[in-house]
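Enquirer: Below: one structure in structure tokens.
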Protein chains: 2
Amino acid sequence: MNAEILAVGTELLMGQIANTNAQYISQRLNSIGMNVYYHSVVGDNPKRLKAVLELALSRSDIVIITGGLGPTQDDLTKETVAEILGDKLILHEESLQKIEDYFKRLNRPMVKNNVKQAYLPESCIIVKNNNGTAPGCIMEKDEKIVVMLPGPPSEMKPMLDDFVIPHIAKNSPEKIVSKYLRVFGIGESLLEEKLINLINNQSNVTIATYAKEGEVTVRITTKNDNEVKALKALSAVEDEILEILGDSVYSDEDKELCQVVADMLIKKQITIAFAESCTGGLISSVITDVPGISAVFDRAVVTYSNKSKVESLGVKQETLDKFGAVSRETAIEMAEGVKKLAGTDLGLSITGIAGPDGGTEEKPVGLIYIALASKKGTECKELKLRGNRTKVRNYATLNSFDMIRRLVNEL
Amino acid sequence: MNAEILAVGTELLMGQIANTNAQYISQRLNSIGMNVYYHSVVGDNPKRLKAVLELALSRSDIVIITGGLGPTQDDLTKETVAEILGDKLILHEESLQKIEDYFKRLNRPMVKNNVKQAYLPESCIIVKNNNGTAPGCIMEKDEKIVVMLPGPPSEMKPMLDDFVIPHIAKNSPEKIVSKYLRVFGIGESLLEEKLINLINNQSNVTIATYAKEGEVTVRITTKNDNEVKALKALSAVEDEILEILGDSVYSDEDKELCQVVADMLIKKQITIAFAESCTGGLISSVITDVPGISAVFDRAVVTYSNKSKVESLGVKQETLDKFGAVSRETAIEMAEGVKKLAGTDLGLSITGIAGPDGGTEEKPVGLIYIALASKKGTECKELKLRGNRTKVRNYATLNSFDMIRRLVNEL
């Protein structure tokens, strides 16, 4: 069975919010083996809403609608669906009671408009809303299922998870099982070339790649009415991919690189400190977003000025004079300096030119040195990155984490 | 003229990412007076992609497509658009050269697949991509405009802003002029209450508020074919709002708070250093995303361990023992310590409990102290924030910037 997600609301078309509901619902539907073929967004406009709904019903078995269940005049989802499916709205006393109770609890006056929310299609199955005033509902007709849920994610999500997904799952014979391999250091096209034989020969297991900010994710998906069989089929393909990509795969659980690195450091109790120049604290800030990192992360020094590199990290003035702040030599002294200062197992440093200014012909914007000091000595990597300041900084940060990951793997 | 935004990519339908591109593009189109009536998402499936594209062209004047310009076999946007509009793809030498240069700079092998990205519709206008390999393009036929842009936001956004929006704006008779007032320190409902008379009496100028992570934006919008008249109408309403909200408005140019603070520091040549504990480098990383900040930002010390607070900042061991790391006393010593260490005009420190663990009854998760040392002495602010780790860290960072803003205003 295939599904479509339709969001109703002008605020989406104005760009005030992103349609995160569609993302959430897609994940849930895919997990129970429903193919999601379309997302659509339409405004609070009766004519366009009706046309989009009719189209959705013509091409999808299940249509999940979010939004347009509010108390105001331009909230028209139920009215439009009922019209198309030949039903009428009637007052649902239990829902009205719930709405009245809701306002009582919040100690807020209930306005007349809210009564509108208790009118529901006569033939519908009601989906209770414990976090807001708009009940949802499900209509089933001619092998089609239409689900209507409120727009606010805090109301929609529990209604979907607790009632709608179990209800729909009854109709689904098959399970979709997916696995996500996260890859760093291989571009999307090279990656596809490496996997081309597998991709071309895919039958019951599909392989897809997609890129995001310097990383690539390989998605392996299969469908089966037996979950054990599905997992077994995935596992075989996964092994083949891992064989080809080797240690460029940093996660087989769809985890972020920083999370993988943090987990490794915490598990192996390897302490670390950072000396950051061009990234300005980004590496430190990203890794400290992981709870529990304080067990291994001691400190970071963001040395933006040359003076601070000398004072805080013990970089030699003559190194700066001779090679410049953005150089292999300075990076190495920074990494070793912060390791010594903090007394940690690892010291990672980064220095470079993030742009947009400050580049020269010899040292262009995007030139980055990352050094990593450990008991094995100090290694230093030179990168030439492209893009704007934010991209250079982000990509430099990812490269730093990947360098730590590769080293810690061997410790 | 009305527009539709079409995203191509199975990863959206799988729920792996949210369609933030549609949000971004909607904002930009609305700002030049284009009505956005639909968003659609379709997977990398030739038949469904073609059907959705044909529908979009039948109901919208402008169709902006994101995604499907990648190097892989399932990237089919250009092929499908060209087929529908009766054009063919030809090799664009200049784009090929750019792609080759891109790989050369990254020091990565270019694979055969990437050549596909240099094939573009014969009659198209090319939109250069300075942050990736896929060029975009614009096709115009029978009063319809089709724009094709790559999916990664870091590539799409500059291409949209620098080329596509100015190109489309030429076709717009009426200008929508908007002004965004950014507010910190007043919640959305209180803010709406303060502005309720203005909002209820709005006629040709509309006022809308929307909240994002601890900030509120007030959008004032008007439509006019005469830009001077539009700006004058906006300006009158803006003055009334500023009168009511006072110095809680930190920008009337839709600038981020960190940018406003950075601009102030740079303009007044006031130097600064940070001592961060619970934010782990976030404050420093956010402000160093602003180009040119090196003129006033000297360094930051991320002191996660108590030892590092003593060693790097000169916090007294007895202060830590007596009051704890998360205390007013420690925050003040950290701020004064980093100011002295760096020899800057200002020293800002932050210490707190970001969670999810580490809270006690006396010092719960969300308790934050921010201290700011200057020639006027040292002030310290206690905050009790709510939400998860990321939210606490972000909101603490915003509060830090607001504290700097208010002090620097008086220097």
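Simple scheme: letters A, B, ... for chains in structure tokens order, numbers from 1 for residues in each chain, numbers from 1 for ligands in the order shown.
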Computed after least-squares fitting of chain B to chain A on all C-alpha atoms in order, what is the RMSD in Å?
Expert: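 Least-squares fit of chain B onto chain A, C-alpha RMSD 4.5 Å.
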Enquirer: Can you pull out the residues contacting B:Pro158? Cut-off 12 Å, using only C-alpha atoms, and skip same-chain residues under 5 positions away; I want them as a PyMOL selection string.
Expert: (chain A and resi 387-388) or (chain B and resi 21+24-25+28+127-132+136+149-150+152-153+163-166)
Enquirer: Can those selected residues be exported to a file as a PDB file, in the first residue's frame so that it contains N, CA and C atoms?
Expert:
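Now in again24.pdb:
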ATOM      1  N   GLY A 387      34.253  26.507  -0.400  1.00  0.00           N
ATOM      2  CA  GLY A 387      32.937  26.902   0.096  1.00  0.00           C
ATOM      3  C   GLY A 387      33.055  28.124   0.974  1.00  0.00           C
ATOM      4  N   ASN A 388      31.935  28.519   1.510  1.00  0.00           N
ATOM      5  CA  ASN A 388      31.932  29.713   2.349  1.00  0.00           C
ATOM      6  C   ASN A 388      32.474  29.399   3.741  1.00  0.00           C
TER       7      ASN A 388
ATOM      8  N   ASN B  21      14.490  23.161   2.617  1.00  0.00           N
ATOM      9  CA  ASN B  21      14.645  23.974   1.410  1.00  0.00           C
ATOM     10  C   ASN B  21      13.345  24.674   1.044  1.00  0.00           C
ATOM     11  N   TYR B  24      12.870  27.719   3.162  1.00  0.00           N
ATOM     12  CA  TYR B  24      13.784  28.809   2.800  1.00  0.00           C
ATOM     13  C   TYR B  24      13.341  29.497   1.500  1.00  0.00           C
ATOM     14  N   ILE B  25      13.037  28.679   0.504  1.00  0.00           N
ATOM     15  CA  ILE B  25      12.654  29.239  -0.803  1.00  0.00           C
ATOM     16  C   ILE B  25      11.335  30.004  -0.682  1.00  0.00           C
ATOM     17  N   ARG B  28      11.882  33.471   0.591  1.00  0.00           N
ATOM     18  CA  ARG B  28      12.476  34.349  -0.414  1.00  0.00           C
ATOM     19  C   ARG B  28      11.462  34.747  -1.484  1.00  0.00           C
ATOM     20  N   VAL B 127      22.968  28.474 -13.633  1.00  0.00           N
ATOM     21  CA  VAL B 127      23.156  29.075 -12.312  1.00  0.00           C
ATOM     22  C   VAL B 127      24.393  28.429 -11.689  1.00  0.00           C
ATOM     23  N   LYS B 128      25.427  29.229 -11.539  1.00  0.00           N
ATOM     24  CA  LYS B 128      26.704  28.676 -11.053  1.00  0.00           C
ATOM     25  C   LYS B 128      26.617  28.230  -9.604  1.00  0.00           C
ATOM     26  N   ASN B 129      27.323  27.161  -9.316  1.00  0.00           N
ATOM     27  CA  ASN B 129      27.363  26.598  -7.967  1.00  0.00           C
ATOM     28  C   ASN B 129      28.794  26.715  -7.445  1.00  0.00           C
ATOM     29  N   ASN B 130      29.009  27.601  -6.498  1.00  0.00           N
ATOM     30  CA  ASN B 130      30.362  27.795  -5.979  1.00  0.00           C
ATOM     31  C   ASN B 130      30.675  26.898  -4.787  1.00  0.00           C
ATOM     32  N   ASN B 131      29.701  26.106  -4.381  1.00  0.00           N
ATOM     33  CA  ASN B 131      29.894  25.295  -3.183  1.00  0.00           C
ATOM     34  C   ASN B 131      29.702  23.805  -3.408  1.00  0.00           C
ATOM     35  N   GLY B 132      29.677  23.392  -4.657  1.00  0.00           N
ATOM     36  CA  GLY B 132      29.480  21.968  -4.929  1.00  0.00           C
ATOM     37  C   GLY B 132      29.666  21.719  -6.407  1.00  0.00           C
ATOM     38  N   GLY B 136      23.165  24.646 -11.290  1.00  0.00           N
ATOM     39  CA  GLY B 136      21.719  24.734 -11.432  1.00  0.00           C
ATOM     40  C   GLY B 136      21.386  25.331 -12.781  1.00  0.00           C
ATOM     41  N   LEU B 149      17.676  23.484  -8.900  1.00  0.00           N
ATOM     42  CA  LEU B 149      18.788  23.742  -7.977  1.00  0.00           C
ATOM     43  C   LEU B 149      19.162  22.453  -7.250  1.00  0.00           C
ATOM     44  N   PRO B 150      20.418  22.350  -6.826  1.00  0.00           N
ATOM     45  CA  PRO B 150      20.815  21.142  -6.086  1.00  0.00           C
ATOM     46  C   PRO B 150      20.158  21.079  -4.708  1.00  0.00           C
ATOM     47  N   PRO B 152      21.454  19.984  -1.528  1.00  0.00           N
ATOM     48  CA  PRO B 152      22.120  20.396  -0.282  1.00  0.00           C
ATOM     49  C   PRO B 152      21.932  21.894  -0.023  1.00  0.00           C
ATOM     50  N   PRO B 153      21.387  22.252   1.139  1.00  0.00           N
ATOM     51  CA  PRO B 153      21.080  23.655   1.419  1.00  0.00           C
ATOM     52  C   PRO B 153      22.281  24.593   1.278  1.00  0.00           C
ATOM     53  N   PHE B 163      21.365  34.608  -7.475  1.00  0.00           N
ATOM     54  CA  PHE B 163      21.023  34.639  -8.894  1.00  0.00           C
ATOM     55  C   PHE B 163      19.528  34.465  -9.173  1.00  0.00           C
ATOM     56  N   VAL B 164      18.934  33.435  -8.581  1.00  0.00           N
ATOM     57  CA  VAL B 164      17.563  33.080  -8.972  1.00  0.00           C
ATOM     58  C   VAL B 164      16.556  34.150  -8.538  1.00  0.00           C
ATOM     59  N   ILE B 165      16.625  34.564  -7.272  1.00  0.00           N
ATOM     60  CA  ILE B 165      15.646  35.542  -6.777  1.00  0.00           C
ATOM     61  C   ILE B 165      15.733  36.868  -7.553  1.00  0.00           C
ATOM     62  N   PRO B 166      16.936  37.443  -7.726  1.00  0.00           N
ATOM     63  CA  PRO B 166      16.998  38.665  -8.547  1.00  0.00           C
ATOM     64  C   PRO B 166      16.454  38.440  -9.961  1.00  0.00           C
TER      65      PRO B 166
END
Enquirer: At a cut-off of 7 Å, which residues of chain B touch chain A? Count only C-alpha atoms and give the answer as a PyMOL selection string.
Expert: chain B and resi 12-20+23-24+26-27+30+36-43+71-72+105-106+111+113-114+130-131+152+279-282+284-285+288-289+291+294+297-305+308+356+390
Enquirer: Please, could you write that set of residues out with N, CA and C atoms as a short mmCIF file (atom, residue, chain, number, x, y, z; two decimals), in the first residue's frame?
Expert:
data_model
loop_
_atom_site.label_atom_id
_atom_site.label_comp_id
_atom_site.auth_asym_id
_atom_site.auth_seq_id
_atom_site.Cartn_x
_atom_site.Cartn_y
_atom_site.Cartn_z
N LEU B 12 13.70 12.30 1.42
CA LEU B 12 12.64 13.09 2.06
C LEU B 12 11.43 12.22 2.37
N LEU B 13 11.10 11.32 1.44
CA LEU B 13 9.93 10.46 1.62
C LEU B 13 10.19 9.35 2.65
N MET B 14 11.47 9.06 2.87
CA MET B 14 11.83 8.09 3.91
C MET B 14 11.87 8.78 5.28
N GLY B 15 11.80 10.11 5.29
CA GLY B 15 11.83 10.84 6.55
C GLY B 15 13.23 11.01 7.11
N GLN B 16 14.24 10.84 6.26
CA GLN B 16 15.60 11.01 6.77
C GLN B 16 15.94 12.48 7.01
N ILE B 17 15.41 13.33 6.16
CA ILE B 17 15.61 14.77 6.36
C ILE B 17 14.27 15.49 6.19
N ALA B 18 14.19 16.69 6.77
CA ALA B 18 13.00 17.52 6.58
C ALA B 18 13.24 18.44 5.39
N ASN B 19 12.17 18.85 4.77
CA ASN B 19 12.27 19.70 3.58
C ASN B 19 12.45 21.16 3.98
N THR B 20 13.61 21.46 4.53
CA THR B 20 13.88 22.84 4.96
C THR B 20 14.10 23.75 3.75
N GLN B 23 10.99 25.64 2.95
CA GLN B 23 10.78 26.77 3.84
C GLN B 23 11.61 27.97 3.41
N TYR B 24 12.87 27.72 3.16
CA TYR B 24 13.78 28.81 2.80
C TYR B 24 13.34 29.50 1.50
N SER B 26 10.41 29.47 0.13
CA SER B 26 9.12 30.15 0.32
C SER B 26 9.33 31.55 0.88
N GLN B 27 10.19 31.65 1.88
CA GLN B 27 10.46 32.97 2.46
C GLN B 27 10.96 33.94 1.40
N ASN B 30 8.17 34.83 -1.21
CA ASN B 30 7.20 35.74 -0.61
C ASN B 30 7.76 37.15 -0.50
N VAL B 36 3.32 31.64 -3.03
CA VAL B 36 3.64 30.21 -3.09
C VAL B 36 2.37 29.45 -2.75
N TYR B 37 1.86 28.65 -3.69
CA TYR B 37 0.60 27.95 -3.48
C TYR B 37 0.77 26.47 -3.12
N TYR B 38 1.88 25.89 -3.53
CA TYR B 38 2.07 24.46 -3.28
C TYR B 38 3.54 24.14 -2.98
N HIS B 39 3.73 23.19 -2.08
CA HIS B 39 5.01 22.47 -1.98
C HIS B 39 4.71 21.02 -2.36
N SER B 40 5.61 20.38 -3.07
CA SER B 40 5.46 18.95 -3.33
C SER B 40 6.80 18.27 -3.13
N VAL B 41 6.72 17.01 -2.78
CA VAL B 41 7.91 16.18 -2.69
C VAL B 41 7.62 14.89 -3.43
N VAL B 42 8.57 14.47 -4.25
CA VAL B 42 8.41 13.22 -4.97
C VAL B 42 9.76 12.50 -4.93
N GLY B 43 9.74 11.19 -5.06
CA GLY B 43 10.97 10.41 -4.96
C GLY B 43 11.74 10.36 -6.28
N PRO B 71 25.22 13.23 -9.22
CA PRO B 71 25.93 12.50 -10.27
C PRO B 71 25.41 11.09 -10.51
N THR B 72 24.46 10.64 -9.69
CA THR B 72 24.11 9.22 -9.78
C THR B 72 22.97 8.96 -10.75
N ARG B 105 40.98 20.87 -6.49
CA ARG B 105 41.22 21.61 -5.25
C ARG B 105 41.07 20.75 -4.02
N LEU B 106 40.07 19.87 -4.07
CA LEU B 106 39.85 18.99 -2.91
C LEU B 106 40.86 17.85 -2.88
N VAL B 111 35.27 11.27 -10.71
CA VAL B 111 34.88 10.04 -11.40
C VAL B 111 34.00 10.37 -12.60
N ASN B 113 31.07 9.60 -13.39
CA ASN B 113 29.71 10.02 -13.06
C ASN B 113 29.53 11.52 -12.99
N ASN B 114 30.56 12.22 -12.50
CA ASN B 114 30.42 13.65 -12.31
C ASN B 114 30.27 14.41 -13.62
N ASN B 130 29.01 27.60 -6.50
CA ASN B 130 30.36 27.80 -5.98
C ASN B 130 30.67 26.90 -4.79
N ASN B 131 29.70 26.11 -4.38
CA ASN B 131 29.89 25.30 -3.18
C ASN B 131 29.70 23.81 -3.41
N PRO B 152 21.45 19.98 -1.53
CA PRO B 152 22.12 20.40 -0.28
C PRO B 152 21.93 21.89 -0.02
N THR B 279 28.59 25.69 28.07
CA THR B 279 28.34 25.89 26.65
C THR B 279 29.45 25.27 25.78
N GLY B 280 30.54 24.89 26.41
CA GLY B 280 31.56 24.08 25.73
C GLY B 280 32.13 24.66 24.44
N GLY B 281 32.19 25.98 24.31
CA GLY B 281 32.76 26.56 23.10
C GLY B 281 31.71 27.10 22.14
N LEU B 282 30.44 26.96 22.52
CA LEU B 282 29.37 27.37 21.61
C LEU B 282 29.35 28.88 21.39
N SER B 284 31.80 30.99 21.64
CA SER B 284 32.95 31.33 20.81
C SER B 284 32.74 30.89 19.37
N SER B 285 32.20 29.70 19.19
CA SER B 285 32.03 29.19 17.84
C SER B 285 30.99 30.00 17.07
N THR B 288 32.58 33.48 16.18
CA THR B 288 33.64 33.40 15.17
C THR B 288 33.10 32.97 13.81
N ASP B 289 31.81 32.71 13.72
CA ASP B 289 31.23 32.48 12.40
C ASP B 289 31.07 33.82 11.66
N PRO B 291 32.60 36.87 9.90
CA PRO B 291 33.88 37.29 9.33
C PRO B 291 34.35 38.60 9.96
N SER B 294 38.07 38.56 14.16
CA SER B 294 39.42 38.42 14.72
C SER B 294 39.99 39.78 15.16
N PHE B 297 38.18 39.69 18.81
CA PHE B 297 38.11 38.47 19.62
C PHE B 297 39.51 37.91 19.78
N ASP B 298 39.95 37.80 21.02
CA ASP B 298 41.31 37.33 21.26
C ASP B 298 41.38 35.83 21.46
N ARG B 299 40.58 35.33 22.40
CA ARG B 299 40.63 33.91 22.69
C ARG B 299 39.42 33.48 23.52
N ALA B 300 39.24 32.18 23.60
CA ALA B 300 38.26 31.61 24.52
C ALA B 300 38.92 30.43 25.20
N VAL B 301 38.53 30.21 26.43
CA VAL B 301 39.02 29.04 27.13
C VAL B 301 37.80 28.23 27.53
N VAL B 302 37.74 26.99 27.05
CA VAL B 302 36.63 26.12 27.42
C VAL B 302 37.12 25.26 28.57
N THR B 303 36.70 25.62 29.77
CA THR B 303 37.20 24.92 30.95
C THR B 303 36.13 23.98 31.45
N TYR B 304 36.22 22.73 30.98
CA TYR B 304 35.19 21.76 31.33
C TYR B 304 35.49 21.14 32.70
N SER B 305 36.76 20.88 32.96
CA SER B 305 37.13 20.29 34.25
C SER B 305 37.39 21.41 35.26
N SER B 308 40.97 22.64 35.04
CA SER B 308 41.26 23.62 34.00
C SER B 308 40.80 25.01 34.41
N PRO B 356 21.56 16.23 30.39
CA PRO B 356 20.38 15.81 31.16
C PRO B 356 20.73 15.39 32.60
N THR B 390 20.51 20.77 24.41
CA THR B 390 20.75 21.66 23.27
C THR B 390 20.05 22.99 23.48
#
Enquirer: Could you tell me, as a PyMOL selection string, which residues of stretch 118-276 of chain B DSSP assigns to strand (DSSP E or B) when given the backbone?
Expert: chain B and resi 119-121+125-127+136-141+144-149+175-184+205-212+215-224+249-251+272-276
Enquirer: Residues near B:Val177, anyone? I mean within 7 Å using only C-alpha atoms, not counting same-chain ones fewer than 2 positions away, as a PyMOL selection string.
Expert: chain B and resi 31+175+179+221-223+230
Enquirer: Record the distance separating atom CA of B:Val147 and atom CA of B:Gln97, expressed in Å with one decimal.
Expert: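 Atom CA of B:Val147 sits 22.2 Å away from atom CA of B:Gln97.
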Enquirer: Within 9 Å of B:Ile207, counting only C-alpha atoms, which residues qualify if same-chain residues fewer than 2 places away don't, as a ChimeraX atom specification?
Expert: /B:198-199,202,205,209,218-221,237
Enquirer: Skip B:Tyr250 itself and residues of its chain fewer than 5 positions away, then list as an mmCIF file with C-alpha atoms, in the first residue's frame all residues within 9 Å of it, counting only C-alpha atoms.
Expert:
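Okay, result-v4.cif is ready:
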data_model
loop_
_atom_site.group_PDB
_atom_site.id
_atom_site.type_symbol
_atom_site.label_atom_id
_atom_site.label_comp_id
_atom_site.auth_asym_id
_atom_site.auth_seq_id
_atom_site.Cartn_x
_atom_site.Cartn_y
_atom_site.Cartn_z
ATOM 1 C CA LEU B 181 12.296 43.291 14.117
ATOM 2 C CA ARG B 182 14.178 40.792 16.230
ATOM 3 C CA VAL B 183 13.327 40.745 19.902
ATOM 4 C CA PHE B 184 15.069 39.088 22.824
ATOM 5 C CA LYS B 255 20.202 40.191 11.848
ATOM 6 C CA GLU B 256 21.161 37.430 14.242
ATOM 7 C CA LEU B 257 21.965 38.543 17.778
ATOM 8 C CA VAL B 260 24.647 42.483 16.041
ATOM 9 C CA ASP B 402 22.257 39.949 25.011
ATOM 10 C CA ARG B 405 24.869 43.928 23.760
#
Enquirer: Any idea what's packed within 12 Å of A:Ala331, counting only C-alpha atoms, ignoring anything in its chain fewer than 3 positions away? Could you give it as a PyMOL selection string?
Expert: chain A and resi 274-278+303+309+313-316+319-320+323-328+334-338+347-352+368-373+378-382
Enquirer: Restricting it to N, CA and C atoms, dump the selection as a compact mmCIF listing (two decimals), in the first residue's frame.
Expert:
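File produced: result_24.txt:
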# COMPACT_ATOMS: atom_id res chain seq x y z
N PHE A 274 41.30 20.30 23.07
CA PHE A 274 41.38 20.89 21.73
C PHE A 274 42.06 22.26 21.76
N ALA A 275 42.79 22.56 20.70
CA ALA A 275 43.32 23.90 20.48
C ALA A 275 42.79 24.36 19.14
N GLU A 276 41.85 25.28 19.17
CA GLU A 276 41.19 25.67 17.92
C GLU A 276 41.55 27.09 17.52
N SER A 277 41.82 27.25 16.25
CA SER A 277 41.96 28.62 15.76
C SER A 277 40.79 28.92 14.83
N CYS A 278 40.87 28.53 13.55
CA CYS A 278 39.85 28.96 12.59
C CYS A 278 38.45 28.43 12.91
N THR A 303 42.41 29.82 20.38
CA THR A 303 43.46 30.85 20.27
C THR A 303 43.33 31.54 18.94
N LYS A 309 48.19 32.15 21.06
CA LYS A 309 48.82 30.87 20.71
C LYS A 309 50.14 30.70 21.48
N LEU A 313 49.38 28.26 24.63
CA LEU A 313 49.73 26.93 24.15
C LEU A 313 51.23 26.70 24.06
N GLY A 314 52.00 27.77 24.28
CA GLY A 314 53.44 27.62 24.19
C GLY A 314 53.97 27.47 22.78
N VAL A 315 53.18 27.94 21.80
CA VAL A 315 53.71 27.95 20.43
C VAL A 315 54.87 28.95 20.40
N LYS A 316 55.96 28.56 19.73
CA LYS A 316 57.14 29.45 19.70
C LYS A 316 56.90 30.63 18.77
N THR A 319 58.34 30.13 15.43
CA THR A 319 57.56 29.27 14.52
C THR A 319 56.52 30.10 13.78
N LEU A 320 55.86 30.97 14.54
CA LEU A 320 54.86 31.84 13.92
C LEU A 320 55.52 32.78 12.91
N PHE A 323 56.93 30.36 9.83
CA PHE A 323 55.98 29.57 9.01
C PHE A 323 54.58 30.18 8.96
N GLY A 324 54.29 31.11 9.88
CA GLY A 324 52.95 31.70 9.92
C GLY A 324 52.02 30.90 10.82
N ALA A 325 50.90 31.54 11.19
CA ALA A 325 49.94 30.89 12.09
C ALA A 325 49.26 29.72 11.40
N VAL A 326 49.07 29.84 10.09
CA VAL A 326 48.46 28.74 9.35
C VAL A 326 49.56 27.93 8.69
N SER A 327 50.06 26.96 9.40
CA SER A 327 51.15 26.13 8.89
C SER A 327 51.16 24.82 9.65
N ARG A 328 51.75 23.84 9.01
CA ARG A 328 51.92 22.52 9.61
C ARG A 328 52.65 22.65 10.95
N MET A 334 50.69 23.56 18.44
CA MET A 334 49.41 23.79 19.14
C MET A 334 48.87 22.48 19.73
N ALA A 335 48.91 21.42 18.94
CA ALA A 335 48.37 20.13 19.40
C ALA A 335 49.19 19.61 20.58
N GLU A 336 50.49 19.68 20.43
CA GLU A 336 51.35 19.19 21.52
C GLU A 336 51.22 20.09 22.74
N GLY A 337 51.06 21.39 22.47
CA GLY A 337 50.91 22.35 23.58
C GLY A 337 49.66 22.10 24.40
N VAL A 338 48.55 21.88 23.74
CA VAL A 338 47.30 21.72 24.50
C VAL A 338 47.27 20.37 25.21
N GLY A 347 45.69 15.50 22.12
CA GLY A 347 45.55 16.94 21.91
C GLY A 347 45.32 17.16 20.44
N LEU A 348 44.19 17.78 20.10
CA LEU A 348 43.93 18.04 18.68
C LEU A 348 43.94 19.54 18.43
N SER A 349 44.62 19.94 17.34
CA SER A 349 44.64 21.37 17.02
C SER A 349 44.18 21.58 15.59
N ILE A 350 43.73 22.79 15.37
CA ILE A 350 43.32 23.14 14.01
C ILE A 350 43.64 24.60 13.76
N THR A 351 44.23 24.86 12.61
CA THR A 351 44.50 26.25 12.23
C THR A 351 44.30 26.36 10.73
N GLY A 352 43.75 27.46 10.30
CA GLY A 352 43.47 27.57 8.87
C GLY A 352 42.85 28.91 8.52
N ILE A 368 43.70 24.38 5.54
CA ILE A 368 43.51 23.98 6.94
C ILE A 368 44.59 22.98 7.32
N TYR A 369 45.13 23.14 8.52
CA TYR A 369 46.00 22.11 9.08
C TYR A 369 45.37 21.57 10.36
N ILE A 370 45.27 20.26 10.46
CA ILE A 370 44.77 19.62 11.67
C ILE A 370 45.89 18.72 12.20
N ALA A 371 46.24 18.91 13.46
CA ALA A 371 47.28 18.05 14.06
C ALA A 371 46.69 17.31 15.25
N LEU A 372 47.14 16.08 15.43
CA LEU A 372 46.63 15.25 16.51
C LEU A 372 47.82 14.62 17.24
N ALA A 373 47.99 15.02 18.49
CA ALA A 373 49.10 14.52 19.29
C ALA A 373 48.62 13.41 20.22
N THR A 378 52.84 12.84 16.80
CA THR A 378 51.89 13.82 16.31
C THR A 378 51.76 13.71 14.80
N GLU A 379 50.52 13.53 14.34
CA GLU A 379 50.30 13.52 12.89
C GLU A 379 49.62 14.82 12.48
N CYS A 380 49.87 15.24 11.25
CA CYS A 380 49.27 16.49 10.79
C CYS A 380 48.73 16.31 9.38
N LYS A 381 47.54 16.83 9.14
CA LYS A 381 46.87 16.66 7.85
C LYS A 381 46.65 18.05 7.24
N GLU A 382 46.93 18.17 5.96
CA GLU A 382 46.65 19.43 5.27
C GLU A 382 45.41 19.26 4.41
Enquirer: Measuring atom to atom with only C-alpha atoms, identify which of B:Pro109, B:Gly246, B:Gly70, B:Gly86 is nearest to B:Met148.
Expert: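 The shortest atom-to-atom distance to B:Met148 comes from B:Gly70.
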Enquirer: I need the residues in stretch 347-397 of chain B that are alpha helix (DSSP H) according to DSSP; give them as a list in words.
Expert: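 Those in stretch 347-397 of chain B that DSSP calls alpha helix (DSSP H) are Arg389, Thr390, Lys391, Val392, Arg393, Asn394, Tyr395, Ala396 and Thr397 of chain B.
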Enquirer: For the residues in that selection, give me C-alpha atoms as a short mmCIF file (atom, residue, chain, number, x, y, z; two decimals), in the first residue's frame.
Expert:
data_model
loop_
_atom_site.label_atom_id
_atom_site.label_comp_id
_atom_site.auth_asym_id
_atom_site.auth_seq_id
_atom_site.Cartn_x
_atom_site.Cartn_y
_atom_site.Cartn_z
CA ARG B 389 20.67 20.05 26.72
CA THR B 390 20.75 21.66 23.27
CA LYS B 391 18.04 24.15 24.17
CA VAL B 392 19.68 25.11 27.47
CA ARG B 393 23.03 25.64 25.75
CA ASN B 394 21.51 27.69 22.93
CA TYR B 395 19.42 29.84 25.21
CA ALA B 396 22.38 30.43 27.54
CA THR B 397 24.40 31.53 24.52
#
Enquirer: Just to confirm, what's the straight-line distance from atom CA of A:Met34 to atom CA of A:Lys144 in Å (one decimal)?
Expert: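 Computed distance, atom CA of A:Met34 to atom CA of A:Lys144, equals 13.6 Å.
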